[in-house]
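Asks: The following file, run-v6.txt, comprises compact mmCIF, C-alpha atoms and all ligand atoms:
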```txt
# COMPACT_ATOMS: atom_id res chain seq x y z
CA MET T 11 -57.34 1.58 -1.38
CA ALA T 12 -54.92 4.17 -2.70
CA LYS T 13 -56.08 7.00 -4.96
CA ASP T 14 -56.11 6.03 -8.62
CA LEU T 15 -54.30 9.18 -9.72
CA VAL T 16 -51.70 10.88 -7.53
CA ARG T 17 -50.15 14.12 -8.77
CA VAL T 18 -46.89 15.43 -7.37
CA LEU T 19 -45.39 18.82 -8.13
CA HIS T 20 -41.64 18.09 -8.23
CA THR T 21 -39.35 21.09 -8.11
CA SER T 22 -35.77 21.79 -6.99
CA ASP T 23 -33.04 24.41 -7.11
CA VAL T 24 -35.24 27.43 -6.45
CA HIS T 25 -32.09 29.01 -4.94
CA ILE T 26 -34.02 31.43 -2.76
CA GLY T 27 -31.62 34.07 -1.49
CA ALA T 28 -29.50 34.29 -4.65
CA PHE T 29 -28.94 37.80 -5.98
CA THR T 30 -31.47 39.36 -3.61
CA GLU T 31 -29.52 42.56 -2.98
CA LYS T 32 -31.17 45.73 -4.17
CA TRP T 33 -28.45 46.30 -6.79
CA ALA T 34 -29.19 42.96 -8.45
CA PRO T 35 -31.03 43.17 -11.79
CA GLN T 36 -33.98 41.09 -10.50
CA PRO T 37 -33.68 41.00 -6.71
CA ASP T 38 -36.98 39.18 -6.20
CA LYS T 39 -36.57 36.63 -8.99
CA CYS T 40 -36.24 33.51 -6.82
CA LEU T 41 -39.02 34.62 -4.47
CA HIS T 42 -41.34 35.17 -7.41
CA ALA T 43 -40.35 31.80 -8.85
CA PHE T 44 -41.35 30.08 -5.63
CA ARG T 45 -44.59 32.04 -5.36
CA ALA T 46 -45.41 30.94 -8.93
CA ILE T 47 -44.76 27.31 -7.94
CA VAL T 48 -47.11 27.64 -4.97
CA ASP T 49 -49.76 29.31 -7.18
CA ARG T 50 -49.52 26.40 -9.60
CA ALA T 51 -49.75 23.75 -6.87
CA VAL T 52 -52.88 25.45 -5.48
CA GLN T 53 -54.50 25.91 -8.92
CA GLU T 54 -53.79 22.36 -10.04
CA GLN T 55 -54.73 20.90 -6.66
CA VAL T 56 -51.78 18.52 -6.73
CA ASP T 57 -51.66 15.91 -3.97
CA LEU T 58 -48.15 16.68 -2.82
CA VAL T 59 -45.28 19.13 -3.38
CA LEU T 60 -41.74 17.75 -3.39
CA ILE T 61 -38.73 20.09 -3.21
CA ALA T 62 -35.53 18.20 -4.06
CA GLY T 63 -32.87 20.40 -2.51
CA ASP T 64 -31.26 23.82 -2.94
CA PHE T 65 -34.57 25.40 -2.04
CA PHE T 66 -32.40 28.11 -0.47
CA ASP T 67 -29.25 29.32 -2.19
CA HIS T 68 -27.40 29.52 1.13
CA ASN T 69 -28.09 29.38 4.86
CA ARG T 70 -27.45 33.08 5.55
CA VAL T 71 -30.73 34.28 4.00
CA ARG T 72 -32.27 37.17 5.87
CA GLN T 73 -35.22 36.78 8.20
CA GLU T 74 -37.53 38.68 5.82
CA VAL T 75 -36.70 36.05 3.19
CA THR T 76 -37.42 33.05 5.44
CA ASP T 77 -40.62 34.83 6.57
CA PHE T 78 -41.72 35.14 2.93
CA VAL T 79 -40.94 31.48 2.27
CA LEU T 80 -42.86 30.39 5.36
CA ASP T 81 -45.88 32.49 4.29
CA GLN T 82 -45.82 30.75 0.91
CA LEU T 83 -45.49 27.26 2.47
CA VAL T 84 -48.49 28.03 4.70
CA ARG T 85 -50.58 28.64 1.52
CA LEU T 86 -50.14 25.03 0.40
CA PRO T 87 -53.18 22.95 1.39
CA MET T 88 -51.39 19.67 0.51
CA PRO T 89 -48.38 18.04 2.17
CA THR T 90 -44.92 19.26 1.16
CA VAL T 91 -41.68 17.30 1.48
CA ILE T 92 -38.39 19.20 1.50
CA LEU T 93 -34.95 17.64 1.13
CA PRO T 94 -32.01 19.90 2.11
CA GLY T 95 -29.39 20.12 -0.68
CA ASN T 96 -25.73 21.14 -0.83
CA HIS T 97 -26.61 24.85 -0.86
CA ASP T 98 -28.99 24.59 2.13
CA PRO T 99 -27.61 21.70 4.21
CA LEU T 100 -29.19 20.96 7.55
CA GLU T 101 -26.28 22.29 9.62
CA LYS T 102 -26.60 24.14 12.91
CA ASN T 103 -27.25 27.47 11.16
CA ALA T 104 -29.60 26.13 8.52
CA ALA T 105 -32.23 28.55 7.21
CA TYR T 106 -34.83 25.85 7.96
CA TRP T 107 -34.35 26.31 11.70
CA ARG T 108 -35.38 29.96 11.39
CA MET T 109 -38.87 29.04 10.19
CA ASP T 110 -41.51 27.77 12.62
CA LEU T 111 -42.52 24.90 10.33
CA ALA T 112 -44.02 22.70 13.03
CA GLY T 113 -46.11 25.56 14.44
CA LYS T 114 -47.14 27.39 11.26
CA ALA T 115 -46.76 24.91 8.40
CA PRO T 116 -47.41 21.50 9.94
CA ARG T 117 -48.07 19.93 6.52
CA VAL T 118 -44.39 20.45 5.66
CA HIS T 119 -42.11 17.45 6.24
CA LEU T 120 -38.44 18.40 6.35
CA ILE T 121 -36.21 15.36 5.79
CA LYS T 122 -33.73 15.46 8.66
CA ASP T 123 -32.22 12.06 9.43
CA PRO T 124 -28.61 12.07 8.12
CA GLU T 125 -28.90 8.34 7.34
CA GLY T 126 -32.08 8.90 5.37
CA GLU T 127 -35.73 8.68 6.30
CA THR T 128 -39.06 7.71 4.81
CA VAL T 129 -42.11 9.95 4.91
CA ARG T 130 -45.32 7.97 4.44
CA PHE T 131 -48.63 9.08 2.96
CA PRO T 132 -50.94 6.07 3.30
CA GLU T 133 -53.91 8.08 1.98
CA LEU T 134 -51.98 8.60 -1.29
CA GLY T 135 -50.48 5.12 -1.34
CA MET T 136 -47.07 6.79 -1.47
CA ALA T 137 -43.84 6.82 0.52
CA ILE T 138 -40.91 9.15 -0.04
CA TRP T 139 -37.38 8.29 1.06
CA GLY T 140 -34.51 10.81 1.08
CA ARG T 141 -31.09 11.43 2.60
CA PRO T 142 -30.42 15.11 3.34
CA HIS T 143 -27.23 17.09 3.00
CA ILE T 144 -26.22 18.06 6.52
CA SER T 145 -22.94 19.93 5.97
CA TYR T 146 -21.17 22.06 3.39
CA ASP T 147 -18.30 19.57 3.65
CA ASP T 148 -20.22 16.40 2.79
CA VAL T 149 -18.83 16.17 -0.76
CA SER T 150 -18.58 12.38 -0.55
CA LEU T 151 -22.26 11.98 0.33
CA LEU T 152 -23.93 9.29 -1.74
CA PRO T 153 -27.52 10.56 -2.02
CA LEU T 154 -29.01 7.33 -3.40
CA ARG T 155 -27.00 4.44 -1.94
CA ASN T 156 -28.19 1.80 0.57
CA LEU T 157 -31.87 2.58 0.66
CA PRO T 158 -34.15 0.56 2.93
CA PRO T 159 -36.37 -2.01 1.16
CA ARG T 160 -39.64 -0.89 -0.39
CA GLY T 161 -42.52 -0.29 1.99
CA PRO T 162 -46.13 -1.40 1.61
CA GLU T 163 -47.34 1.66 -0.34
CA PRO T 164 -47.73 1.03 -4.10
CA TRP T 165 -45.76 4.17 -4.99
CA GLN T 166 -42.23 4.22 -3.65
CA ILE T 167 -40.38 7.44 -4.37
CA ALA T 168 -36.78 8.44 -3.66
CA VAL T 169 -35.65 12.04 -3.53
CA GLY T 170 -31.96 12.78 -4.04
CA HIS T 171 -29.84 15.87 -4.47
CA GLY T 172 -26.63 15.23 -6.36
CA HIS T 173 -24.71 14.97 -9.59
CA PHE T 174 -25.65 12.25 -12.07
CA VAL T 175 -22.43 10.54 -13.20
CA ARG T 176 -22.65 10.29 -16.98
CA ASP T 177 -19.18 8.94 -17.77
CA GLU T 178 -15.61 8.81 -16.47
CA ALA T 179 -15.18 12.55 -16.86
CA ASP T 180 -17.71 12.94 -14.02
CA GLY T 181 -15.65 10.70 -11.71
CA GLY T 182 -14.47 13.39 -9.30
CA ARG T 183 -17.78 15.17 -8.83
CA ALA T 184 -19.29 15.78 -5.40
CA TYR T 185 -22.51 14.00 -4.29
CA PRO T 186 -22.35 11.47 -7.13
CA ILE T 187 -25.42 9.57 -8.26
CA TYR T 188 -24.42 6.61 -10.43
CA PRO T 189 -26.72 5.05 -13.04
CA GLN T 190 -26.64 1.84 -11.00
CA ASP T 191 -27.75 3.71 -7.85
CA ILE T 192 -30.95 4.63 -9.68
CA ALA T 193 -31.43 1.26 -11.38
CA ASP T 194 -30.97 -0.58 -8.05
CA CYS T 195 -32.81 1.75 -5.66
CA GLY T 196 -36.04 -0.26 -5.69
CA ARG T 197 -38.23 2.79 -6.24
CA ASP T 198 -40.73 3.73 -8.93
CA TYR T 199 -39.60 7.31 -9.33
CA VAL T 200 -36.48 9.24 -8.33
CA ALA T 201 -37.04 12.95 -7.81
CA LEU T 202 -33.68 14.61 -8.40
CA GLY T 203 -32.26 18.02 -7.74
CA HIS T 204 -28.92 19.81 -8.31
CA TRP T 205 -28.93 20.37 -12.05
CA ASP T 206 -30.59 23.47 -13.44
CA ALA T 207 -31.70 21.74 -16.63
CA HIS T 208 -34.72 19.49 -17.06
CA MET T 209 -33.33 16.01 -17.67
CA ASP T 210 -34.81 12.55 -17.99
CA ILE T 211 -32.23 10.08 -16.69
CA THR T 212 -34.50 7.06 -16.32
CA GLN T 213 -32.51 3.85 -15.69
CA GLY T 214 -34.16 0.55 -16.53
CA SER T 215 -37.62 0.46 -14.98
CA VAL T 216 -36.89 3.33 -12.55
CA ARG T 217 -38.06 6.71 -13.81
CA ALA T 218 -35.73 9.54 -12.76
CA PHE T 219 -35.88 13.23 -13.55
CA TYR T 220 -34.27 16.54 -12.78
CA PRO T 221 -37.20 18.99 -13.08
CA GLY T 222 -35.03 22.02 -13.90
CA SER T 223 -34.64 25.15 -11.82
CA PRO T 224 -37.77 27.34 -11.82
CA THR T 225 -35.54 30.35 -11.14
CA TRP T 226 -32.74 29.79 -13.67
CA VAL T 227 -34.45 27.92 -16.51
CA GLY T 228 -38.10 28.65 -15.68
CA LEU T 229 -39.26 25.05 -15.44
CA SER T 230 -40.89 22.68 -13.01
CA SER T 231 -42.70 19.34 -13.30
CA ILE T 232 -45.96 17.70 -12.35
CA VAL T 233 -45.57 13.94 -12.11
CA GLU T 234 -48.69 11.79 -12.46
CA PHE T 235 -48.81 8.36 -10.84
CA LYS T 236 -51.64 6.28 -12.23
CA GLY T 237 -53.06 2.79 -12.04
CA ALA T 238 -51.80 1.53 -8.67
CA ASN T 239 -55.12 -0.24 -8.13
CA ASN T 240 -55.43 -2.10 -11.42
CA GLY T 241 -51.86 -3.38 -11.64
CA SER T 242 -50.80 -1.27 -14.63
CA LYS T 243 -48.73 1.42 -12.98
CA GLN T 244 -47.84 4.34 -15.16
CA ILE T 245 -45.79 7.47 -14.47
CA THR T 246 -46.05 10.57 -16.65
CA VAL T 247 -43.82 13.61 -16.18
CA LYS T 248 -45.21 16.90 -17.44
CA SER T 249 -42.82 19.81 -17.50
CA PHE T 250 -44.36 23.29 -17.32
CA PRO T 251 -42.98 26.81 -17.65
CA VAL T 252 -42.73 28.92 -14.50
CA THR T 253 -43.63 32.43 -15.58
CA LEU T 254 -42.50 35.25 -13.36
MN MN R 301 -27.12 21.57 -5.64
```
Once you've parsed the file, please lay out its structure as structure tokens.
Replies:
Amino acid sequence: MAKDLVRVLHTSDVHIGAFTEKWAPQPDKCLHAFRAIVDRAVQEQVDLVLIAGDFFDHNRVRQEVTDFVLDQLVRLPMPTVILPGNHDPLEKNAAYWRMDLAGKAPRVHLIKDPEGETVRFPELGMAIWGRPHISYDDVSLLPLRNLPPRGPEPWQIAVGHGHFVRDEADGGRAYPIYPQDIADCGRDYVALGHWDAHMDITQGSVRAFYPGSPTWVGLSSIVEFKGANNGSKQITVKSFPVTL
């Protein structure tokens, strides 16, 4: 039987590597933001950490930066799922390849399959599907189209990094996510990334949120999944300030 309460720390857009030069006003801002996220996940003993893209600001981050990030990931006692975004696509020179995740942080699952893949956590009764960015040129990527059918776990999550299309004015945007993509994705919760603001863009019965960038707006979310065993499933999103 799945756990009755599953808590997921959902963050995105940490933009590690942005403005890290010594002349920048706050050169360590994004590193401190991520360390604060890890502190919170440890304190709150969440069941899973989900990073919905643009974890890194770019793929040229220095080795000392990827070393710091790896040290922080190692501190997390729970599984972590990372989806590469448009700033940190999984290209040949991706920052992710310069971290020994498999050797040092084996609880981290990096979503790699360009078509999309599902990471399963039977002990949590949860499965997470995502399609990664794999190139800086993939502007026509549809992050939430053509998902596989739901799996057996009671909680089916999608993670997507892209731009929510609000109206016709958004028509030409890269990595579009249409309202119908969310409404039709067959998941319980869509963990989004790309926007810096915290936004609830729930469509029909599918809850969907941008958590907000911990670095730029100082926010992140803990999402509580409750009641899978008694048939009254309930999802609560709690936004919290990330203090640096
Ligand atoms: Mn982005």
Asks: Applying 10 Å and all atoms listed in the file, which residues near Lys39 (chain T) remain after dropping the ones on its own chain fewer than 3 positions away? List them as a PDB file with C-alpha atoms, in the frame of the given file.
Replies:
```
ATOM      1  CA  VAL T  24     -35.240  27.430  -6.450  1.00  0.00           C
ATOM      2  CA  HIS T  25     -32.090  29.010  -4.940  1.00  0.00           C
ATOM      3  CA  ILE T  26     -34.020  31.430  -2.760  1.00  0.00           C
ATOM      4  CA  GLY T  27     -31.620  34.070  -1.490  1.00  0.00           C
ATOM      5  CA  ALA T  28     -29.500  34.290  -4.650  1.00  0.00           C
ATOM      6  CA  PHE T  29     -28.940  37.800  -5.980  1.00  0.00           C
ATOM      7  CA  THR T  30     -31.470  39.360  -3.610  1.00  0.00           C
ATOM      8  CA  ALA T  34     -29.190  42.960  -8.450  1.00  0.00           C
ATOM      9  CA  PRO T  35     -31.030  43.170 -11.790  1.00  0.00           C
ATOM     10  CA  GLN T  36     -33.980  41.090 -10.500  1.00  0.00           C
ATOM     11  CA  HIS T  42     -41.340  35.170  -7.410  1.00  0.00           C
ATOM     12  CA  ALA T  43     -40.350  31.800  -8.850  1.00  0.00           C
ATOM     13  CA  PHE T  44     -41.350  30.080  -5.630  1.00  0.00           C
ATOM     14  CA  ARG T  45     -44.590  32.040  -5.360  1.00  0.00           C
ATOM     15  CA  PRO T 224     -37.770  27.340 -11.820  1.00  0.00           C
ATOM     16  CA  THR T 225     -35.540  30.350 -11.140  1.00  0.00           C
ATOM     17  CA  TRP T 226     -32.740  29.790 -13.670  1.00  0.00           C
ATOM     18  CA  LEU T 254     -42.500  35.250 -13.360  1.00  0.00           C
TER      19      LEU T 254
END
```
Asks: Between CA of Tyr220 (chain T) and CA of His204 (chain T), what is the distance in Å, rounded to a tenth?
Replies: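 Atom-to-atom, CA of Tyr220 (chain T) and CA of His204 (chain T) are spaced 7.7 Å apart.
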Asks: Mind running chain T against ligand MN 301 (chain R) at 8 Å and telling me each contacting residue's nearest atom pair with the distance in Å (one decimal), counting all atoms listed in the file, chain and number ascending, as CSV?
Replies:
```
residue,atom,partner,partner_atom,distance
T:Asp23,CA,R:MN301,MN,6.7
T:Gly63,CA,R:MN301,MN,6.7
T:Asp64,CA,R:MN301,MN,5.4
T:Gly95,CA,R:MN301,MN,5.6
T:Asn96,CA,R:MN301,MN,5.0
T:His97,CA,R:MN301,MN,5.8
T:His171,CA,R:MN301,MN,6.4
T:Gly172,CA,R:MN301,MN,6.4
T:Gly203,CA,R:MN301,MN,6.6
T:His204,CA,R:MN301,MN,3.7
T:Trp205,CA,R:MN301,MN,6.8
```
Asks: Rounded to one decimal place, report the CA of Gly161 (chain T)-CA of Phe219 (chain T) distance in Å.
Replies: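 Calculated distance between CA of Gly161 (chain T) and CA of Phe219 (chain T) is 21.6 Å.
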Asks: Can you work out the spacing between CA of Pro153 (chain T) and CA of Gln244 (chain T) in Å, to one decimal?
Replies: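 Value for the CA of Pro153 (chain T)-CA of Gln244 (chain T) distance: 25.0 Å.
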Asks: When you look at Leu83 (chain T) with a cut-off of 8 Å (counting all atoms listed in the file), what residues show up, excluding the ones that are within fewer than 6 positions of it in the same chain? I need them as a short mmCIF file (atom, residue, chain, number, x, y, z; two decimals) with C-alpha atoms, keeping the file's coordinate frame.
Replies:
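Here's the written file result_6.cif:
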```
data_model
loop_
_atom_site.label_atom_id
_atom_site.label_comp_id
_atom_site.auth_asym_id
_atom_site.auth_seq_id
_atom_site.Cartn_x
_atom_site.Cartn_y
_atom_site.Cartn_z
CA VAL T 48 -47.11 27.64 -4.97
CA ALA T 115 -46.76 24.91 8.40
CA VAL T 118 -44.39 20.45 5.66
#
```
Asks: Of the candidates T:Ala12, T:Ser145, T:Leu93, T:Pro124, which one gets nearest to Pro162 (chain T) if we count only C-alpha atoms?
Replies: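 For Pro162 (chain T), the nearest of the given residues is T:Ala12.
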Asks: Within 9 Å of Asp98 (chain T), counting only C-alpha atoms, which residues show up once you throw out same-chain ones fewer than 3 positions away? Write them as number ranges by chain, please.
Replies: T: 25, 63-69, 94-95, 101, 104-106, 143-146
Asks: Which one of T:Thr90, T:Gln82, T:Gln213, T:Gln166 sits closest to Asp57 (chain T) if you count only C-alpha atoms?
Replies: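 The answer is T:Thr90, which sits nearest to Asp57 (chain T).
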Asks: Excluding Arg50 (chain T) and any residue of its chain fewer than 5 positions from it, enumerate the residues within 9 Å of it, using all atoms listed in the file, and give them as an NGL selection string.
Replies: :T and (19 or 45 or 55-56 or 252)
Asks: In terms of the shortest atom-to-atom distance over only C-alpha atoms, which of T:Val84, T:Leu157, T:Val216, T:Ile167 is closest to Ala137 (chain T)?
Replies: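 Of T:Val84, T:Leu157, T:Val216, T:Ile167, the one nearest Ala137 (chain T) is T:Ile167, counting only C-alpha atoms.
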Asks: Between T:Pro251, T:Val16, T:His208, T:Trp107, which one has atoms that come closest to Pro132 (chain T), using all atoms listed in the file?
Replies: T:Val16
Asks: For the point (-19.0, 10.8, -1.4) in the file's frame, write as a PyMOL selection string all residues with an atom no more than 8 Å away, counting only C-alpha atoms.
Replies: chain T and resi 148-152+184-186
Asks: Compare T:Ala201, T:Ala112, T:Ala168, T:Ala207 by their minimum atom-to-atom distance to Gly126 (chain T), counting only C-alpha atoms, and give me the closest one.
Replies: T:Ala168
Asks: List as a ChimeraX atom specification the protein and nucleic acid residues near Arg17 (chain T), meaning an atom at most 7 Å away when all atoms listed in the file are counted, but skip any in the same chain fewer than 6 places from it.
Replies: /T:56-58,232-235
